[in-house]
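J.: I'm passing along entry-v6.cif; it holds mmCIF, C-alpha atoms and all ligand atoms.
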```
data_work
#
loop_
_atom_site.group_PDB
_atom_site.id
_atom_site.type_symbol
_atom_site.label_atom_id
_atom_site.label_comp_id
_atom_site.auth_asym_id
_atom_site.auth_seq_id
_atom_site.Cartn_x
_atom_site.Cartn_y
_atom_site.Cartn_z
ATOM 1 C CA MET I 1 -43.560 -15.985 -75.661
ATOM 2 C CA ALA I 2 -41.981 -17.092 -72.369
ATOM 3 C CA THR I 3 -44.443 -17.996 -69.612
ATOM 4 C CA GLU I 4 -44.172 -16.464 -66.163
ATOM 5 C CA ASP I 5 -42.774 -19.793 -64.890
ATOM 6 C CA ASP I 6 -40.059 -19.767 -67.602
ATOM 7 C CA GLN I 7 -39.059 -16.271 -66.606
ATOM 8 C CA MET I 8 -39.073 -17.053 -62.868
ATOM 9 C CA GLU I 9 -36.959 -20.142 -63.703
ATOM 10 C CA LEU I 10 -34.169 -17.760 -64.712
ATOM 11 C CA PHE I 11 -33.918 -16.706 -61.068
ATOM 12 C CA SER I 12 -32.526 -20.166 -60.193
ATOM 13 C CA ALA I 13 -29.936 -20.635 -62.914
ATOM 14 C CA ILE I 14 -26.432 -19.637 -61.773
ATOM 15 C CA ALA I 15 -23.775 -19.566 -64.504
ATOM 16 C CA ALA I 16 -19.989 -19.403 -64.065
ATOM 17 C CA ASN I 17 -18.910 -16.041 -65.489
ATOM 18 C CA PRO I 18 -15.326 -15.058 -64.629
ATOM 19 C CA LYS I 19 -14.417 -11.418 -65.286
ATOM 20 C CA PRO I 20 -10.973 -9.846 -65.944
ATOM 21 C CA ALA I 21 -9.144 -7.889 -63.254
ATOM 22 C CA ALA I 22 -9.142 -4.071 -63.351
ATOM 23 C CA ALA I 23 -5.897 -2.323 -64.357
ATOM 24 C CA LEU I 24 -4.286 0.766 -62.829
ATOM 25 C CA ASP I 25 -3.007 3.693 -64.895
ATOM 26 C CA PRO I 26 0.787 3.996 -64.389
ATOM 27 C CA ASN I 27 0.528 7.768 -65.071
ATOM 28 C CA PHE I 28 -1.757 8.368 -62.126
ATOM 29 C CA ASP I 29 -0.782 11.447 -60.051
ATOM 30 C CA PRO I 30 -0.946 10.478 -56.355
ATOM 31 C CA GLU I 31 -1.022 14.153 -55.319
ATOM 32 C CA LEU I 32 -4.625 14.336 -56.509
ATOM 33 C CA ILE I 33 -5.875 11.518 -54.269
ATOM 34 C CA PRO I 34 -8.320 12.402 -51.489
ATOM 35 C CA THR I 35 -6.589 10.542 -48.659
ATOM 36 C CA SER I 36 -8.864 11.710 -45.873
ATOM 37 C CA ALA I 37 -12.620 11.992 -45.471
ATOM 38 C CA LYS I 38 -11.959 15.639 -44.561
ATOM 39 C CA VAL I 39 -10.878 16.357 -48.146
ATOM 40 C CA PRO I 40 -14.074 17.045 -50.105
ATOM 41 C CA VAL I 41 -14.737 15.380 -53.452
ATOM 42 C CA LEU I 42 -16.584 18.141 -55.252
ATOM 43 C CA PRO I 43 -19.365 17.544 -57.782
ATOM 44 C CA GLY I 44 -17.816 17.553 -61.259
ATOM 45 C CA THR I 45 -14.431 16.186 -60.078
ATOM 46 C CA TYR I 46 -14.528 13.247 -62.506
ATOM 47 C CA GLY I 47 -15.049 13.151 -66.260
ATOM 48 C CA SER I 48 -15.393 9.359 -66.407
ATOM 49 C CA MET I 49 -15.659 6.222 -64.293
ATOM 50 C CA GLU I 50 -12.062 5.414 -65.269
ATOM 51 C CA GLU I 51 -10.829 8.659 -63.716
ATOM 52 C CA MET I 52 -12.832 7.988 -60.587
ATOM 53 C CA SER I 53 -11.482 4.444 -60.432
ATOM 54 C CA LEU I 54 -7.926 5.783 -60.285
ATOM 55 C CA HIS I 55 -8.772 7.803 -57.193
ATOM 56 C CA CYS I 56 -10.790 5.027 -55.586
ATOM 57 C CA ASN I 57 -7.914 2.579 -55.995
ATOM 58 C CA ARG I 58 -5.639 4.880 -53.954
ATOM 59 C CA CYS I 59 -8.310 6.282 -51.634
ATOM 60 C CA HIS I 60 -7.917 6.174 -47.837
ATOM 61 C CA ARG I 61 -10.946 8.235 -46.872
ATOM 62 C CA CYS I 62 -11.850 5.340 -44.557
ATOM 63 C CA ASP I 63 -10.064 2.274 -43.149
ATOM 64 C CA LEU I 64 -11.403 -0.041 -45.872
ATOM 65 C CA GLY I 65 -8.630 1.318 -48.099
ATOM 66 C CA ALA I 66 -6.071 -0.520 -45.950
ATOM 67 C CA THR I 67 -7.426 -4.008 -46.647
ATOM 68 C CA ARG I 68 -8.794 -3.891 -50.215
ATOM 69 C CA THR I 69 -7.193 -5.603 -53.216
ATOM 70 C CA TYR I 70 -9.097 -3.505 -55.791
ATOM 71 C CA ALA I 71 -11.631 -0.763 -55.300
ATOM 72 C CA VAL I 72 -14.844 -1.826 -57.040
ATOM 73 C CA VAL I 73 -16.247 1.093 -58.987
ATOM 74 C CA GLY I 74 -18.847 -0.356 -61.329
ATOM 75 C CA ARG I 75 -19.761 -2.358 -64.399
ATOM 76 C CA GLY I 76 -22.264 -1.928 -67.199
ATOM 77 C CA ASN I 77 -23.131 1.084 -69.329
ATOM 78 C CA PRO I 78 -22.050 4.442 -67.829
ATOM 79 C CA GLN I 79 -24.933 6.042 -69.778
ATOM 80 C CA ALA I 80 -27.513 3.461 -68.689
ATOM 81 C CA PRO I 81 -31.103 4.441 -67.856
ATOM 82 C CA ILE I 82 -30.975 2.322 -64.674
ATOM 83 C CA LEU I 83 -28.360 2.616 -61.914
ATOM 84 C CA ILE I 84 -28.245 -0.328 -59.500
ATOM 85 C CA VAL I 85 -26.677 0.261 -56.082
ATOM 86 C CA GLY I 86 -25.679 -2.670 -53.863
ATOM 87 C CA GLU I 87 -24.018 -2.738 -50.458
ATOM 88 C CA GLY I 88 -20.312 -3.392 -50.907
ATOM 89 C CA PRO I 89 -17.830 -5.711 -52.618
ATOM 90 C CA GLY I 90 -17.401 -9.283 -51.415
ATOM 91 C CA GLN I 91 -14.330 -11.457 -51.908
ATOM 92 C CA ASN I 92 -14.867 -12.134 -55.640
ATOM 93 C CA GLU I 93 -15.456 -8.443 -56.296
ATOM 94 C CA ASP I 94 -12.397 -7.379 -54.249
ATOM 95 C CA GLU I 95 -10.232 -9.794 -56.243
ATOM 96 C CA THR I 96 -11.529 -8.774 -59.692
ATOM 97 C CA GLY I 97 -12.379 -5.086 -59.190
ATOM 98 C CA LEU I 98 -15.879 -5.689 -60.590
ATOM 99 C CA PRO I 99 -19.177 -5.518 -58.684
ATOM 100 C CA PHE I 100 -21.639 -8.373 -58.358
ATOM 101 C CA VAL I 101 -19.560 -11.133 -59.946
ATOM 102 C CA GLY I 102 -20.133 -13.758 -57.230
ATOM 103 C CA LYS I 103 -23.269 -15.863 -56.771
ATOM 104 C CA ALA I 104 -25.399 -12.846 -55.769
ATOM 105 C CA GLY I 105 -24.247 -11.029 -58.903
ATOM 106 C CA GLN I 106 -25.061 -13.966 -61.115
ATOM 107 C CA LEU I 107 -28.545 -14.031 -59.630
ATOM 108 C CA LEU I 108 -28.853 -10.272 -60.194
ATOM 109 C CA ASP I 109 -27.961 -10.778 -63.871
ATOM 110 C CA LYS I 110 -30.647 -13.476 -64.145
ATOM 111 C CA ILE I 111 -33.252 -11.231 -62.523
ATOM 112 C CA LEU I 112 -32.445 -8.488 -65.036
ATOM 113 C CA GLU I 113 -32.508 -10.989 -67.880
ATOM 114 C CA SER I 114 -35.977 -12.177 -66.795
ATOM 115 C CA VAL I 115 -37.381 -8.787 -67.903
ATOM 116 C CA LYS I 116 -34.983 -8.438 -70.845
ATOM 117 C CA LEU I 117 -32.673 -5.894 -69.239
ATOM 118 C CA THR I 118 -29.071 -6.241 -70.428
ATOM 119 C CA GLU I 119 -25.710 -4.653 -69.477
ATOM 120 C CA ALA I 120 -26.625 -1.840 -71.892
ATOM 121 C CA ASP I 121 -29.610 -0.936 -69.692
ATOM 122 C CA VAL I 122 -27.828 -0.846 -66.336
ATOM 123 C CA PHE I 123 -24.799 0.457 -64.508
ATOM 124 C CA ILE I 124 -24.072 -1.530 -61.342
ATOM 125 C CA CYS I 125 -22.166 -0.162 -58.334
ATOM 126 C CA ASN I 126 -22.150 -0.211 -54.536
ATOM 127 C CA ILE I 127 -22.554 2.130 -51.575
ATOM 128 C CA VAL I 128 -18.936 1.446 -50.541
ATOM 129 C CA LYS I 129 -16.272 0.798 -53.143
ATOM 130 C CA CYS I 130 -13.946 -1.306 -50.952
ATOM 131 C CA ARG I 131 -14.630 -4.657 -49.322
ATOM 132 C CA PRO I 132 -15.589 -4.569 -45.641
ATOM 133 C CA PRO I 133 -13.453 -7.297 -43.969
ATOM 134 C CA GLY I 134 -15.345 -10.552 -43.528
ATOM 135 C CA ASN I 135 -18.198 -9.109 -45.649
ATOM 136 C CA ARG I 136 -19.612 -7.249 -42.662
ATOM 137 C CA THR I 137 -22.152 -4.477 -43.208
ATOM 138 C CA PRO I 138 -20.402 -1.154 -43.946
ATOM 139 C CA THR I 139 -20.524 1.326 -41.068
ATOM 140 C CA GLN I 140 -22.260 4.700 -41.361
ATOM 141 C CA ASP I 141 -18.813 6.399 -41.337
ATOM 142 C CA GLU I 142 -17.622 4.193 -44.223
ATOM 143 C CA MET I 143 -20.796 4.883 -46.202
ATOM 144 C CA ASP I 144 -20.445 8.617 -45.542
ATOM 145 C CA ALA I 145 -16.771 8.647 -46.584
ATOM 146 C CA CYS I 146 -17.609 6.882 -49.863
ATOM 147 C CA ARG I 147 -20.818 8.805 -50.606
ATOM 148 C CA PRO I 148 -19.186 11.535 -52.757
ATOM 149 C CA TYR I 149 -18.063 8.824 -55.187
ATOM 150 C CA LEU I 150 -21.616 7.507 -55.470
ATOM 151 C CA LEU I 151 -22.944 11.037 -55.970
ATOM 152 C CA GLU I 152 -20.409 11.511 -58.774
ATOM 153 C CA GLN I 153 -21.573 8.243 -60.341
ATOM 154 C CA ILE I 154 -25.198 9.378 -60.194
ATOM 155 C CA ARG I 155 -24.222 12.700 -61.793
ATOM 156 C CA MET I 156 -22.242 10.995 -64.579
ATOM 157 C CA VAL I 157 -24.738 8.210 -65.373
ATOM 158 C CA ASP I 158 -27.751 10.515 -64.901
ATOM 159 C CA PRO I 159 -30.102 7.515 -64.648
ATOM 160 C CA GLN I 160 -33.870 7.638 -65.035
ATOM 161 C CA ILE I 161 -34.287 5.002 -62.329
ATOM 162 C CA ILE I 162 -32.132 4.061 -59.318
ATOM 163 C CA LEU I 163 -32.560 0.544 -57.907
ATOM 164 C CA LEU I 164 -31.469 0.373 -54.272
ATOM 165 C CA SER I 165 -30.622 -3.242 -53.584
ATOM 166 C CA GLY I 166 -30.858 -3.996 -49.866
ATOM 167 C CA ALA I 167 -31.149 -1.936 -46.701
ATOM 168 C CA SER I 168 -27.561 -0.575 -46.778
ATOM 169 C CA ALA I 169 -28.120 0.927 -50.226
ATOM 170 C CA VAL I 170 -31.317 2.610 -49.027
ATOM 171 C CA ARG I 171 -29.699 3.883 -45.835
ATOM 172 C CA GLY I 172 -26.452 4.927 -47.530
ATOM 173 C CA LEU I 173 -28.018 6.925 -50.346
ATOM 174 C CA ILE I 174 -31.307 8.323 -49.109
ATOM 175 C CA GLY I 175 -30.784 7.911 -45.350
ATOM 176 C CA ASP I 176 -34.007 5.928 -44.866
ATOM 177 C CA LYS I 177 -33.457 3.501 -41.994
ATOM 178 C CA ARG I 178 -36.638 1.452 -42.454
ATOM 179 C CA GLY I 179 -36.208 -2.268 -43.082
ATOM 180 C CA ILE I 180 -36.122 -3.348 -46.723
ATOM 181 C CA THR I 181 -39.187 -5.587 -46.228
ATOM 182 C CA LYS I 182 -41.180 -2.456 -45.319
ATOM 183 C CA ILE I 183 -40.191 -0.277 -48.255
ATOM 184 C CA ARG I 184 -39.325 -2.604 -51.133
ATOM 185 C CA GLY I 185 -41.450 -2.108 -54.197
ATOM 186 C CA GLU I 186 -42.278 1.496 -53.274
ATOM 187 C CA TRP I 187 -41.236 4.294 -55.667
ATOM 188 C CA ILE I 188 -39.370 6.967 -53.694
ATOM 189 C CA GLU I 189 -38.425 10.362 -55.083
ATOM 190 C CA TRP I 190 -34.937 11.479 -54.000
ATOM 191 C CA GLU I 191 -33.277 14.631 -55.355
ATOM 192 C CA GLY I 192 -35.711 14.589 -58.277
ATOM 193 C CA ARG I 193 -34.837 10.991 -59.164
ATOM 194 C CA LEU I 194 -37.010 7.889 -59.066
ATOM 195 C CA CYS I 195 -35.674 5.241 -56.695
ATOM 196 C CA MET I 196 -37.005 1.756 -56.057
ATOM 197 C CA PRO I 197 -35.774 -0.205 -53.014
ATOM 198 C CA VAL I 198 -35.605 -3.949 -53.745
ATOM 199 C CA PHE I 199 -34.309 -7.016 -51.933
ATOM 200 C CA HIS I 200 -30.593 -7.745 -52.161
ATOM 201 C CA PRO I 201 -29.916 -10.850 -54.315
ATOM 202 C CA ALA I 202 -27.885 -12.402 -51.455
ATOM 203 C CA TYR I 203 -31.089 -12.344 -49.386
ATOM 204 C CA LEU I 204 -32.917 -14.111 -52.219
ATOM 205 C CA LEU I 205 -30.198 -16.792 -52.293
ATOM 206 C CA ARG I 206 -30.880 -17.431 -48.605
ATOM 207 C CA ASN I 207 -34.658 -17.560 -49.253
ATOM 208 C CA PRO I 208 -35.112 -19.818 -52.281
ATOM 209 C CA SER I 209 -38.919 -20.273 -52.092
ATOM 210 C CA ARG I 210 -40.833 -18.910 -55.091
ATOM 211 C CA GLU I 211 -44.243 -19.216 -53.422
ATOM 212 C CA LYS I 212 -46.625 -16.286 -53.790
ATOM 213 C CA GLY I 213 -45.591 -13.668 -51.199
ATOM 214 C CA SER I 214 -42.028 -15.034 -50.815
ATOM 215 C CA PRO I 215 -39.045 -12.650 -51.253
ATOM 216 C CA LYS I 216 -38.321 -14.066 -54.741
ATOM 217 C CA TRP I 217 -41.949 -13.662 -55.767
ATOM 218 C CA LEU I 218 -41.919 -10.077 -54.465
ATOM 219 C CA MET I 219 -38.693 -9.393 -56.372
ATOM 220 C CA TRP I 220 -40.396 -10.660 -59.513
ATOM 221 C CA GLN I 221 -43.224 -8.135 -58.968
ATOM 222 C CA ASP I 222 -40.708 -5.334 -58.331
ATOM 223 C CA ILE I 223 -38.501 -5.988 -61.345
ATOM 224 C CA GLN I 224 -41.579 -6.088 -63.580
ATOM 225 C CA ALA I 225 -42.672 -2.723 -62.128
ATOM 226 C CA VAL I 226 -39.204 -1.343 -62.947
ATOM 227 C CA ARG I 227 -39.410 -2.670 -66.520
ATOM 228 C CA THR I 228 -42.875 -1.124 -66.960
ATOM 229 C CA LYS I 229 -41.722 2.235 -65.559
ATOM 230 C CA LEU I 230 -38.668 2.284 -67.844
ATOM 231 C CA ASP I 231 -40.834 1.502 -70.881
ATOM 232 C CA GLN I 232 -43.221 4.331 -69.909
ATOM 233 C CA LEU I 233 -40.380 6.838 -69.411
ATOM 234 C CA GLN I 234 -38.760 5.896 -72.707
ATOM 235 C CA GLN I 235 -42.100 6.075 -74.540
ATOM 236 C CA ALA I 236 -42.770 9.511 -73.036
ATOM 237 C CA SER I 237 -39.379 10.845 -74.131
ATOM 238 C CA ALA I 238 -39.833 9.348 -77.637
ATOM 239 C CA ASN I 239 -43.220 11.113 -77.882
ATOM 240 C CA ALA I 240 -41.638 14.404 -76.776
ATOM 241 C CA ASP I 241 -38.991 14.238 -79.564
HETATM 242 N N1 LIG G 301 -22.985 -7.753 -52.828
HETATM 243 C C1 LIG G 301 -23.041 -6.411 -53.037
HETATM 244 O O1 LIG G 301 -23.800 -5.702 -52.401
HETATM 245 N N2 LIG G 301 -22.242 -5.907 -53.950
HETATM 246 C C2 LIG G 301 -21.404 -6.628 -54.685
HETATM 247 O O2 LIG G 301 -20.706 -6.066 -55.515
HETATM 248 C C3 LIG G 301 -21.382 -8.025 -54.454
HETATM 249 C C4 LIG G 301 -22.166 -8.563 -53.523
#
```
Please re-express this file's structure in structure tokens.
T.:
Amino acid sequence: MATEDDQMELFSAIAANPKPAAALDPNFDPELIPTSAKVPVLPGTYGSMEEMSLHCNRCHRCDLGATRTYAVVGRGNPQAPILIVGEGPGQNEDETGLPFVGKAGQLLDKILESVKLTEADVFICNIVKCRPPGNRTPTQDEMDACRPYLLEQIRMVDPQIILLSGASAVRGLIGDKRGITKIRGEWIEWEGRLCMPVFHPAYLLRNPSREKGSPKWLMWQDIQAVRTKLDQLQQASANAD
């Protein structure tokens, strides 16, 4: 049985983990692309993440479409019980088309691993699918333009728990403008779904202390609460069968 220190130790280990680049479908019909934020993306538009990815890779609903290499749609299990929402792709993500593959992503994987959550348990995506230049915070207009894609992802994954990683994820999905320090660790019900705001892993990289009360220590409390909640929900649905 791993001790708490062993598990917290996982938060520090960063492994190199290169991922393959995303491919585009040569049969894609450009006529179907929503090129403006005025064109609605209706619920039920997409049957799979792959279909959505084709649109996202040609999307110009906001100016981020002009500077991206790849749109970053998601990774993990599209039927996962937990959906994790970050802020937006960075350079590594823009170049590979996969979310959270840089240092912050490697730390996120370690945090999940510390409570035995694997890629089968999560689907990871972002509030905006294209990289904001210079890794700046996405604007409200950019988050609004991209929101229908996130709503489609929530519909398709149908997660039991949504982890909102960082203030932009909280603001972009549920519109709560409070600072992440104020609301992290608090279960919030949104549209009948359970959401938990947590620190963004990039913030944890900038705050390496693991002292009691530090951001990393708080993250450790929050991820354990998520694990416990998932176990309870899965036990309840097993009992109902
Ligand atoms: N930070 C994010 O919020 N998302 C990513 O995909 C990578 C870094």
J.: Could you pull out the residues sitting within 6 Å of ligand LIG 301 (chain G), using all atoms listed in the file, and write them as a CSV table (one decimal) with C-alpha atoms, in the frame of the given file?
T.:
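What landed in out-v6.csv:
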```
chain,number,residue,atom,x,y,z
I,86,GLY,CA,-25.7,-2.7,-53.9
I,87,GLU,CA,-24.0,-2.7,-50.5
I,88,GLY,CA,-20.3,-3.4,-50.9
I,89,PRO,CA,-17.8,-5.7,-52.6
I,90,GLY,CA,-17.4,-9.3,-51.4
I,93,GLU,CA,-15.5,-8.4,-56.3
I,99,PRO,CA,-19.2,-5.5,-58.7
I,100,PHE,CA,-21.6,-8.4,-58.4
I,104,ALA,CA,-25.4,-12.8,-55.8
I,126,ASN,CA,-22.2,-0.2,-54.5
```
J.: Which residues come within 8 Å of Val115 in chain I, counting only C-alpha atoms, excluding same-chain residues fewer than 2 positions away, as a PyMOL selection string?
T.: chain I and resi 7+111-113+117+223-224+227
J.: Choose the residue, out of I:Ile82, I:Leu205, I:Cys56, I:Ile162, that has the smallest atom-to-atom separation from Gly97 in chain I; count only C-alpha atoms.
T.: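 Of all the options, I:Cys56 lies closest to Gly97 in chain I.
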J.: Evaluated on this file, the PyMOL selection byres (((chain I and resi 40) around 12) and not hetatm) picks out some residues - which ones are they, written as a PDB file with C-alpha atoms, in the frame of the given file?
T.:
```
ATOM      1  CA  LEU I  32      -4.625  14.336 -56.509  1.00  0.00           C
ATOM      2  CA  ILE I  33      -5.875  11.518 -54.269  1.00  0.00           C
ATOM      3  CA  PRO I  34      -8.320  12.402 -51.489  1.00  0.00           C
ATOM      4  CA  THR I  35      -6.589  10.542 -48.659  1.00  0.00           C
ATOM      5  CA  SER I  36      -8.864  11.710 -45.873  1.00  0.00           C
ATOM      6  CA  ALA I  37     -12.620  11.992 -45.471  1.00  0.00           C
ATOM      7  CA  LYS I  38     -11.959  15.639 -44.561  1.00  0.00           C
ATOM      8  CA  VAL I  39     -10.878  16.357 -48.146  1.00  0.00           C
ATOM      9  CA  VAL I  41     -14.737  15.380 -53.452  1.00  0.00           C
ATOM     10  CA  LEU I  42     -16.584  18.141 -55.252  1.00  0.00           C
ATOM     11  CA  PRO I  43     -19.365  17.544 -57.782  1.00  0.00           C
ATOM     12  CA  GLY I  44     -17.816  17.553 -61.259  1.00  0.00           C
ATOM     13  CA  THR I  45     -14.431  16.186 -60.078  1.00  0.00           C
ATOM     14  CA  ARG I  61     -10.946   8.235 -46.872  1.00  0.00           C
ATOM     15  CA  ASP I 144     -20.445   8.617 -45.542  1.00  0.00           C
ATOM     16  CA  ALA I 145     -16.771   8.647 -46.584  1.00  0.00           C
ATOM     17  CA  CYS I 146     -17.609   6.882 -49.863  1.00  0.00           C
ATOM     18  CA  ARG I 147     -20.818   8.805 -50.606  1.00  0.00           C
ATOM     19  CA  PRO I 148     -19.186  11.535 -52.757  1.00  0.00           C
ATOM     20  CA  TYR I 149     -18.063   8.824 -55.187  1.00  0.00           C
TER      21      TYR I 149
END
```
J.: Hey, which of I:Leu64, I:Val122, I:Ile154, I:Ala80 ends up closest to Gly192 in chain I? Count only C-alpha atoms.
T.: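 Comparing I:Leu64, I:Val122, I:Ile154, I:Ala80 against Gly192 in chain I, the winner is I:Ile154.
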J.: Counting only C-alpha atoms, what is within 9 Å of Pro215 in chain I, bar same-chain residues fewer than 5 positions away, as a PDB file with C-alpha atoms, in the coordinates of the input?
T.:
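Writing done, so here's part_11.pdb:
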```
ATOM      1  CA  THR I 181     -39.187  -5.587 -46.228  1.00  0.00           C
ATOM      2  CA  PHE I 199     -34.309  -7.016 -51.933  1.00  0.00           C
ATOM      3  CA  TYR I 203     -31.089 -12.344 -49.386  1.00  0.00           C
ATOM      4  CA  LEU I 204     -32.917 -14.111 -52.219  1.00  0.00           C
ATOM      5  CA  ASN I 207     -34.658 -17.560 -49.253  1.00  0.00           C
ATOM      6  CA  PRO I 208     -35.112 -19.818 -52.281  1.00  0.00           C
ATOM      7  CA  SER I 209     -38.919 -20.273 -52.092  1.00  0.00           C
ATOM      8  CA  ARG I 210     -40.833 -18.910 -55.091  1.00  0.00           C
ATOM      9  CA  TRP I 220     -40.396 -10.660 -59.513  1.00  0.00           C
TER      10      TRP I 220
END
```
J.: Quick one: distance from CA of Met156 in chain I to CA of Thr67 in chain I in Å, one decimal?
T.: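 Atom-to-atom, CA of Met156 in chain I to CA of Thr67 in chain I, that is 27.7 Å.
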J.: Between CA of Met49 in chain I and CA of Val157 in chain I, measure the distance and give it in Å to one decimal.
T.: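 Rounded to one decimal, the two atoms are 9.4 Å apart.
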J.: For the atom pair CA of Trp187 in chain I and CA of Asp231 in chain I, what is the interatomic distance in Å to one decimal place?
T.: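 Atom-to-atom, CA of Trp187 in chain I and CA of Asp231 in chain I are spaced 15.5 Å apart.
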J.: Name all residues at most 7 Å from Gly185 in chain I (count only C-alpha atoms; drop same-chain ones fewer than 4 positions away) and give them as a PyMOL selection string.
T.: chain I and resi 196-198+222
J.: Measuring atom to atom with only C-alpha atoms, identify which of I:Gly213, I:Gly105, I:Gly65, I:Pro78 is nearest to Glu142 in chain I.
T.: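 Smallest separation from Glu142 in chain I among the options: I:Gly65.
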J.: Determine, counting all atoms listed in the file, which protein, DNA and RNA residues have an atom within 6 Å of an atom of Lys129 in chain I; residues of the same chain fewer than 6 positions away are not included. Present the result as a compact mmCIF listing (two decimals) with C-alpha atoms, keeping the file's coordinate frame.
T.:
```txt
# COMPACT_ATOMS: atom_id res chain seq x y z
CA ALA I 71 -11.63 -0.76 -55.30
CA VAL I 72 -14.84 -1.83 -57.04
CA VAL I 73 -16.25 1.09 -58.99
```
J.: Of the candidates I:Lys110, I:Lys212, I:Arg75, I:Arg68, which shows the shortest atom-to-atom distance to Glu95 in chain I, using only C-alpha atoms?
T.: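 The answer is I:Arg68, which sits nearest to Glu95 in chain I.
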J.: From the set I:Gln153, I:Ala236, I:Leu98, I:Ile84, which residue has the shortest atom-to-atom contact distance to Cys195 in chain I, counting all atoms listed in the file?
T.: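 With all atoms listed in the file as the atom set, the closest residue is I:Ile84.
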J.: Hey, what's within 8 Å of Pro81 in chain I if we count all atoms listed in the file and toss same-chain stuff fewer than 4 positions away? As a count of residues only, please?
T.: 8
J.: Is it possible to add N, CA and C atoms to range 161-177 of chain I and hand it back as a short mmCIF file (atom, residue, chain, number, x, y, z; two decimals), in the coordinates of the input?
T.:
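Output below, filename selection01.cif:
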```
data_model
loop_
_atom_site.label_atom_id
_atom_site.label_comp_id
_atom_site.auth_asym_id
_atom_site.auth_seq_id
_atom_site.Cartn_x
_atom_site.Cartn_y
_atom_site.Cartn_z
N ILE I 161 -33.81 5.81 -63.46
CA ILE I 161 -34.29 5.00 -62.33
C ILE I 161 -33.07 4.55 -61.52
N ILE I 162 -33.18 4.61 -60.19
CA ILE I 162 -32.13 4.06 -59.32
C ILE I 162 -32.73 2.89 -58.54
N LEU I 163 -32.13 1.72 -58.69
CA LEU I 163 -32.56 0.54 -57.91
C LEU I 163 -31.66 0.43 -56.70
N LEU I 164 -32.24 0.47 -55.51
CA LEU I 164 -31.47 0.37 -54.27
C LEU I 164 -31.61 -1.05 -53.76
N SER I 165 -30.54 -1.82 -53.87
CA SER I 165 -30.62 -3.24 -53.58
C SER I 165 -30.17 -3.53 -52.15
N GLY I 166 -31.14 -3.70 -51.27
CA GLY I 166 -30.86 -4.00 -49.87
C GLY I 166 -30.88 -2.76 -48.99
N ALA I 167 -30.96 -3.02 -47.68
CA ALA I 167 -31.15 -1.94 -46.70
C ALA I 167 -29.96 -0.97 -46.66
N SER I 168 -28.72 -1.48 -46.84
CA SER I 168 -27.56 -0.57 -46.78
C SER I 168 -27.60 0.44 -47.91
N ALA I 169 -28.04 0.01 -49.08
CA ALA I 169 -28.12 0.93 -50.23
C ALA I 169 -29.14 2.02 -49.94
N VAL I 170 -30.26 1.64 -49.34
CA VAL I 170 -31.32 2.61 -49.03
C VAL I 170 -30.81 3.59 -47.97
N ARG I 171 -30.19 3.04 -46.93
CA ARG I 171 -29.70 3.88 -45.84
C ARG I 171 -28.56 4.79 -46.32
N GLY I 172 -27.64 4.20 -47.10
CA GLY I 172 -26.45 4.93 -47.53
C GLY I 172 -26.76 6.04 -48.50
N LEU I 173 -27.74 5.86 -49.38
CA LEU I 173 -28.02 6.92 -50.35
C LEU I 173 -29.06 7.90 -49.83
N ILE I 174 -30.22 7.38 -49.41
CA ILE I 174 -31.31 8.32 -49.11
C ILE I 174 -31.52 8.49 -47.60
N GLY I 175 -30.75 7.73 -46.81
CA GLY I 175 -30.78 7.91 -45.35
C GLY I 175 -32.02 7.33 -44.69
N ASP I 176 -32.80 6.54 -45.44
CA ASP I 176 -34.01 5.93 -44.87
C ASP I 176 -33.60 4.67 -44.11
N LYS I 177 -33.93 4.61 -42.83
CA LYS I 177 -33.46 3.50 -41.99
C LYS I 177 -34.51 2.39 -41.84
#
```
